[in-house]
$ cat start.pdb   # PDB, C-alpha atoms, pLDDT in the B column
ATOM      1  CA  MET S   1       0.000   0.000   0.000  1.00 47.00           C
ATOM      2  CA  ALA S   2       1.014   3.564  -0.585  1.00 58.00           C
ATOM      3  CA  GLY S   3       2.656   5.495   2.159  1.00 69.00           C
ATOM      4  CA  ALA S   4       2.135   9.193   2.657  1.00 80.00           C
ATOM      5  CA  ALA S   5       2.492  11.121  -0.576  1.00 77.00           C
ATOM      6  CA  PRO S   6       5.692  13.149  -0.838  1.00 72.00           C
ATOM      7  CA  SER S   7       5.203  16.890  -0.477  1.00 69.00           C
ATOM      8  CA  SER S   8       6.594  17.319  -3.998  1.00 67.00           C
ATOM      9  CA  LEU S   9       3.308  15.899  -5.335  1.00 72.00           C
ATOM     10  CA  ALA S  10       1.210  18.633  -3.700  1.00 68.00           C
ATOM     11  CA  GLY S  11      -0.768  20.510  -6.309  1.00 74.00           C
ATOM     12  CA  HIS S  12      -0.546  17.640  -8.796  1.00 83.00           C
ATOM     13  CA  PRO S  13      -3.876  15.780  -8.505  1.00 91.00           C
ATOM     14  CA  LEU S  14      -3.118  13.118 -11.137  1.00 92.00           C
ATOM     15  CA  HIS S  15       0.194  12.315  -9.454  1.00 89.00           C
ATOM     16  CA  LEU S  16      -1.559  12.066  -6.091  1.00 90.00           C
ATOM     17  CA  ALA S  17      -4.277   9.801  -7.508  1.00 93.00           C
ATOM     18  CA  GLY S  18      -1.612   7.559  -9.055  1.00 91.00           C
ATOM     19  CA  HIS S  19       0.313   7.460  -5.785  1.00 89.00           C
ATOM     20  CA  ALA S  20      -2.832   6.408  -3.933  1.00 93.00           C
ATOM     21  CA  GLY S  21      -3.834   3.878  -6.593  1.00 92.00           C
ATOM     22  CA  ALA S  22      -7.176   5.640  -6.984  1.00 95.00           C
ATOM     23  CA  GLU S  23      -8.030   4.182 -10.377  1.00 95.00           C
ATOM     24  CA  ALA S  24     -11.465   5.835 -10.641  1.00 97.00           C
ATOM     25  CA  GLU S  25      -9.977   9.211  -9.747  1.00 96.00           C
ATOM     26  CA  VAL S  26      -7.211   8.766 -12.329  1.00 96.00           C
ATOM     27  CA  ARG S  27      -9.890   8.035 -14.965  1.00 97.00           C
ATOM     28  CA  ALA S  28     -11.957  11.043 -13.908  1.00 97.00           C
ATOM     29  CA  LEU S  29      -8.965  13.388 -13.994  1.00 96.00           C
ATOM     30  CA  LEU S  30      -7.969  12.147 -17.441  1.00 96.00           C
ATOM     31  CA  ARG S  31     -11.544  12.568 -18.707  1.00 96.00           C
ATOM     32  CA  GLY S  32     -11.386  16.098 -17.310  1.00 95.00           C
ATOM     33  CA  GLY S  33      -8.348  16.878 -19.443  1.00 93.00           C
ATOM     34  CA  ALA S  34      -5.418  16.087 -17.152  1.00 92.00           C
ATOM     35  CA  ASP S  35      -2.150  15.453 -19.000  1.00 89.00           C
ATOM     36  CA  CYS S  36      -1.422  11.726 -18.615  1.00 90.00           C
ATOM     37  CA  ASP S  37       2.291  12.538 -18.461  1.00 86.00           C
ATOM     38  CA  GLY S  38       1.784  15.267 -15.895  1.00 78.00           C
ATOM     39  CA  ARG S  39       4.049  17.740 -17.597  1.00 60.00           C
ATOM     40  CA  VAL S  40       3.757  21.393 -16.796  1.00 44.00           C
ATOM     41  CA  GLY S  41       4.547  22.949 -20.142  1.00 46.00           C
ATOM     42  CA  PRO S  42       6.415  21.320 -22.996  1.00 52.00           C
ATOM     43  CA  ASP S  43       9.700  20.623 -21.184  1.00 56.00           C
ATOM     44  CA  VAL S  44      10.117  16.882 -21.800  1.00 57.00           C
ATOM     45  CA  ALA S  45      13.749  16.951 -20.633  1.00 57.00           C
ATOM     46  CA  GLU S  46      12.680  18.334 -17.242  1.00 55.00           C
ATOM     47  CA  ALA S  47       9.965  15.692 -16.869  1.00 55.00           C
ATOM     48  CA  ARG S  48      12.539  12.997 -17.652  1.00 51.00           C
ATOM     49  CA  ARG S  49      15.087  14.506 -15.216  1.00 53.00           C
ATOM     50  CA  ARG S  50      12.591  14.637 -12.380  1.00 56.00           C
ATOM     51  CA  GLY S  51      11.073  11.249 -13.219  1.00 57.00           C
ATOM     52  CA  THR S  52       7.840  12.224 -11.575  1.00 75.00           C
ATOM     53  CA  THR S  53       5.229  11.424 -14.183  1.00 84.00           C
ATOM     54  CA  PRO S  54       1.954  10.004 -12.855  1.00 89.00           C
ATOM     55  CA  LEU S  55       2.853   6.640 -14.442  1.00 87.00           C
ATOM     56  CA  ILE S  56       6.128   6.392 -12.537  1.00 83.00           C
ATOM     57  CA  VAL S  57       4.514   7.536  -9.289  1.00 85.00           C
ATOM     58  CA  ALA S  58       1.869   4.798  -9.632  1.00 87.00           C
ATOM     59  CA  ALA S  59       4.504   2.212 -10.562  1.00 82.00           C
ATOM     60  CA  ARG S  60       6.691   3.008  -7.563  1.00 80.00           C
ATOM     61  CA  GLU S  61       3.715   2.161  -5.364  1.00 83.00           C
ATOM     62  CA  GLY S  62       2.784  -0.947  -7.366  1.00 80.00           C
ATOM     63  CA  HIS S  63      -0.682   0.277  -8.370  1.00 88.00           C
ATOM     64  CA  VAL S  64      -1.266  -1.791 -11.489  1.00 85.00           C
ATOM     65  CA  GLY S  65      -4.825  -0.539 -12.040  1.00 89.00           C
ATOM     66  CA  ALA S  66      -3.663   3.072 -12.165  1.00 92.00           C
ATOM     67  CA  ILE S  67      -0.697   2.065 -14.344  1.00 88.00           C
ATOM     68  CA  ASN S  68      -3.021   0.405 -16.851  1.00 87.00           C
ATOM     69  CA  VAL S  69      -5.369   3.413 -16.969  1.00 93.00           C
ATOM     70  CA  LEU S  70      -2.439   5.753 -17.592  1.00 92.00           C
ATOM     71  CA  LEU S  71      -0.948   3.502 -20.273  1.00 88.00           C
ATOM     72  CA  GLU S  72      -4.336   3.246 -21.996  1.00 90.00           C
ATOM     73  CA  ALA S  73      -4.454   7.057 -21.984  1.00 94.00           C
ATOM     74  CA  GLY S  74      -1.094   7.176 -23.757  1.00 90.00           C
ATOM     75  CA  ALA S  75       1.291   7.789 -20.862  1.00 88.00           C
ATOM     76  CA  ARG S  76       4.879   7.802 -22.087  1.00 84.00           C
ATOM     77  CA  VAL S  77       7.190   5.279 -20.464  1.00 77.00           C
ATOM     78  CA  ASP S  78      10.141   6.956 -22.184  1.00 72.00           C
ATOM     79  CA  LEU S  79       9.886   9.914 -19.801  1.00 73.00           C
ATOM     80  CA  ALA S  80      11.176   7.719 -16.975  1.00 68.00           C
ATOM     81  CA  LYS S  81      14.664   8.063 -15.589  1.00 65.00           C
ATOM     82  CA  ALA S  82      17.020   5.105 -15.916  1.00 60.00           C
ATOM     83  CA  GLY S  83      15.758   2.217 -13.826  1.00 61.00           C
ATOM     84  CA  GLU S  84      12.212   3.485 -13.396  1.00 65.00           C
ATOM     85  CA  VAL S  85      10.828   1.631 -16.391  1.00 67.00           C
ATOM     86  CA  ASP S  86      11.530  -1.435 -14.289  1.00 70.00           C
ATOM     87  CA  ASP S  87       8.985  -0.247 -11.705  1.00 73.00           C
ATOM     88  CA  VAL S  88       6.295  -0.318 -14.393  1.00 76.00           C
ATOM     89  CA  LEU S  89       7.472  -3.638 -15.783  1.00 79.00           C
ATOM     90  CA  VAL S  90       7.733  -5.378 -12.413  1.00 81.00           C
ATOM     91  CA  SER S  91       4.279  -4.164 -11.346  1.00 81.00           C
ATOM     92  CA  LEU S  92       2.727  -5.435 -14.569  1.00 82.00           C
ATOM     93  CA  LEU S  93       4.563  -8.765 -14.364  1.00 85.00           C
ATOM     94  CA  GLN S  94       3.392  -9.297 -10.791  1.00 85.00           C
ATOM     95  CA  SER S  95      -0.167  -8.419 -11.732  1.00 83.00           C
ATOM     96  CA  ASN S  96      -0.104 -10.810 -14.689  1.00 84.00           C
ATOM     97  CA  ALA S  97       1.313 -13.540 -12.450  1.00 88.00           C
ATOM     98  CA  LEU S  98      -1.637 -13.125 -10.079  1.00 87.00           C
ATOM     99  CA  ASN S  99      -4.068 -13.245 -13.001  1.00 85.00           C
ATOM    100  CA  ALA S 100      -2.429 -16.419 -14.317  1.00 88.00           C
ATOM    101  CA  GLU S 101      -2.565 -17.997 -10.879  1.00 91.00           C
ATOM    102  CA  GLU S 102      -6.258 -17.144 -10.510  1.00 92.00           C
ATOM    103  CA  ALA S 103      -6.871 -18.710 -13.937  1.00 93.00           C
ATOM    104  CA  GLY S 104      -5.152 -21.911 -12.783  1.00 95.00           C
ATOM    105  CA  ASP S 105      -2.084 -21.454 -14.992  1.00 93.00           C
ATOM    106  CA  ASP S 106       0.547 -22.068 -12.323  1.00 93.00           C
ATOM    107  CA  GLY S 107       3.370 -22.549 -14.842  1.00 91.00           C
ATOM    108  CA  ARG S 108       2.778 -19.125 -16.385  1.00 88.00           C
ATOM    109  CA  ALA S 109       2.432 -17.530 -12.949  1.00 90.00           C
ATOM    110  CA  LYS S 110       5.755 -19.045 -11.847  1.00 92.00           C
ATOM    111  CA  PHE S 111       7.466 -17.856 -15.029  1.00 89.00           C
ATOM    112  CA  LEU S 112       6.150 -14.280 -14.683  1.00 85.00           C
ATOM    113  CA  ARG S 113       7.218 -14.102 -11.037  1.00 88.00           C
ATOM    114  CA  LYS S 114      10.686 -15.335 -11.999  1.00 88.00           C
ATOM    115  CA  VAL S 115      11.006 -12.647 -14.695  1.00 84.00           C
ATOM    116  CA  ALA S 116       9.930 -10.007 -12.153  1.00 84.00           C
ATOM    117  CA  GLU S 117      12.530 -11.292  -9.673  1.00 85.00           C
ATOM    118  CA  VAL S 118      15.251 -11.094 -12.324  1.00 82.00           C
ATOM    119  CA  CYS S 119      14.255  -7.496 -13.140  1.00 79.00           C
ATOM    120  CA  VAL S 120      14.469  -6.517  -9.481  1.00 80.00           C
ATOM    121  CA  ARG S 121      17.798  -8.308  -8.990  1.00 81.00           C
ATOM    122  CA  GLU S 122      19.362  -6.797 -12.121  1.00 75.00           C
ATOM    123  CA  ARG S 123      18.121  -3.333 -11.241  1.00 72.00           C
ATOM    124  CA  SER S 124      19.680  -3.651  -7.804  1.00 76.00           C
ATOM    125  CA  ALA S 125      22.954  -4.947  -9.271  1.00 77.00           C
ATOM    126  CA  ALA S 126      23.029  -1.953 -11.616  1.00 71.00           C
ATOM    127  CA  GLY S 127      22.671   0.411  -8.652  1.00 74.00           C
ATOM    128  CA  PHE S 128      19.175   1.713  -9.394  1.00 66.00           C
ATOM    129  CA  ASP S 129      17.840   1.003  -5.883  1.00 62.00           C
TER     130      ASP S 129
END
$ encode --input "start.pdb" --output "structure tokens"
Amino acid sequence: MAGAAPSSLAGHPLHLAGHAGAEAEVRALLRGGADCDGRVGPDVAEARRRGTTPLIVAAREGHVGAINVLLEAGARVDLAKAGEVDDVLVSLLQSNALNAEEAGDDGRAKFLRKVAEVCVRERSAAGFD
């Protein structure tokens, strides 16, 4: 579960909704015109440097529902800083493993969990933690 939102997210409702995993709120904000990449102005380089897009905020907290909503809305994974794409990938792999397990496909679930573990291990070995 999400801890307290960092103060740097204050004033950024889509970021806060992603941090909380509030999927319905993320959808509502996007329908209301919120930028799925959360950029203030056209400065893509600054968004990448800060690594604080709503997608990355949701991924750091493991909120797969919010991640999926943002991806469906066109959120750009390429705005992530090095290593943060792994947060999105690991969250999606873990979610898919649970879905496979619920569907009775234990072999697929085991494989997906193993891939997620490798991502986490490699990220740590590369110094991204």
$ resolve_selection --input "start.pdb" --expression "the PyMOL selection byres ((chain S and resi 97) around 9)" --output "PyMOL selection string"
chain S and resi 92-96+98-102+105-106+108-113
$ resolve_selection --input "start.pdb" --expression "the PyMOL selection byres ((chain S and resi 56) around 10)" --output "PyMOL selection string"
chain S and resi 15+18-19+37+51-55+57-62+67+70+75-77+79-81+84-88
$ atom_distance --input "start.pdb" --atom1 "CA of Cys36 in chain S" --atom2 "CA of Ala73 in chain S"
6.5 Å
$ atom_distance --input "start.pdb" --atom1 "CA of Ala116 in chain S" --atom2 "CA of Glu23 in chain S"
23.0 Å
$ atom_distance --input "start.pdb" --atom1 "CA of Asn68 in chain S" --atom2 "CA of Arg27 in chain S"
10.4 Å
$ resolve_selection --input "start.pdb" --expression "the PyMOL selection byres ((chain S and resi 26) around 8)" --output "MDAnalysis selection string"
chainID S and resid 14 17:18 22:25 27:30 66 69:70
$ closest_residue --input "start.pdb" --among "S:Ala34, S:Ala4, S:Val115, S:Leu89" --to "Ala20 in chain S" --atoms "all atoms listed in the file"
S:Ala4
$ decode --input "start.pdb" --residues "range 12-35 of chain S" --atoms "N, CA and C atoms" --output "short mmCIF file (atom, residue, chain, number, x, y, z; two decimals), in the first residue's frame"
data_model
loop_
_atom_site.label_atom_id
_atom_site.label_comp_id
_atom_site.auth_asym_id
_atom_site.auth_seq_id
_atom_site.Cartn_x
_atom_site.Cartn_y
_atom_site.Cartn_z
N HIS S 12 -0.54 18.46 -7.59
CA HIS S 12 -0.55 17.64 -8.80
C HIS S 12 -1.55 16.50 -8.60
N PRO S 13 -2.84 16.76 -8.84
CA PRO S 13 -3.88 15.78 -8.50
C PRO S 13 -3.72 14.43 -9.20
N LEU S 14 -3.27 14.40 -10.45
CA LEU S 14 -3.12 13.12 -11.14
C LEU S 14 -1.97 12.31 -10.52
N HIS S 15 -0.91 12.99 -10.15
CA HIS S 15 0.19 12.32 -9.45
C HIS S 15 -0.30 11.73 -8.13
N LEU S 16 -1.05 12.52 -7.39
CA LEU S 16 -1.56 12.07 -6.09
C LEU S 16 -2.50 10.88 -6.25
N ALA S 17 -3.36 10.92 -7.27
CA ALA S 17 -4.28 9.80 -7.51
C ALA S 17 -3.49 8.54 -7.88
N GLY S 18 -2.46 8.70 -8.70
CA GLY S 18 -1.61 7.56 -9.06
C GLY S 18 -0.88 7.00 -7.85
N HIS S 19 -0.39 7.88 -7.01
CA HIS S 19 0.31 7.46 -5.79
C HIS S 19 -0.61 6.66 -4.87
N ALA S 20 -1.86 7.08 -4.80
CA ALA S 20 -2.83 6.41 -3.93
C ALA S 20 -3.44 5.17 -4.59
N GLY S 21 -3.22 5.01 -5.90
CA GLY S 21 -3.83 3.88 -6.59
C GLY S 21 -5.32 4.07 -6.82
N ALA S 22 -5.75 5.31 -6.84
CA ALA S 22 -7.18 5.64 -6.98
C ALA S 22 -7.54 5.61 -8.47
N GLU S 23 -7.79 4.40 -8.96
CA GLU S 23 -8.03 4.18 -10.38
C GLU S 23 -9.20 5.02 -10.91
N ALA S 24 -10.30 5.06 -10.19
CA ALA S 24 -11.46 5.83 -10.64
C ALA S 24 -11.13 7.33 -10.71
N GLU S 25 -10.36 7.80 -9.74
CA GLU S 25 -9.98 9.21 -9.75
C GLU S 25 -9.03 9.52 -10.91
N VAL S 26 -8.12 8.59 -11.19
CA VAL S 26 -7.21 8.77 -12.33
C VAL S 26 -8.04 8.89 -13.60
N ARG S 27 -9.02 7.98 -13.78
CA ARG S 27 -9.89 8.03 -14.97
C ARG S 27 -10.63 9.36 -15.05
N ALA S 28 -11.19 9.80 -13.93
CA ALA S 28 -11.96 11.04 -13.91
C ALA S 28 -11.07 12.24 -14.25
N LEU S 29 -9.88 12.28 -13.70
CA LEU S 29 -8.97 13.39 -13.99
C LEU S 29 -8.56 13.40 -15.47
N LEU S 30 -8.32 12.23 -16.03
CA LEU S 30 -7.97 12.15 -17.44
C LEU S 30 -9.14 12.58 -18.32
N ARG S 31 -10.36 12.13 -17.96
CA ARG S 31 -11.54 12.57 -18.71
C ARG S 31 -11.72 14.07 -18.62
N GLY S 32 -11.28 14.66 -17.51
CA GLY S 32 -11.39 16.10 -17.31
C GLY S 32 -10.28 16.89 -17.99
N GLY S 33 -9.38 16.19 -18.68
CA GLY S 33 -8.35 16.88 -19.44
C GLY S 33 -6.97 16.87 -18.84
N ALA S 34 -6.76 16.14 -17.75
CA ALA S 34 -5.42 16.09 -17.15
C ALA S 34 -4.43 15.47 -18.14
N ASP S 35 -3.22 15.97 -18.15
CA ASP S 35 -2.15 15.45 -19.00
C ASP S 35 -1.66 14.13 -18.40
#
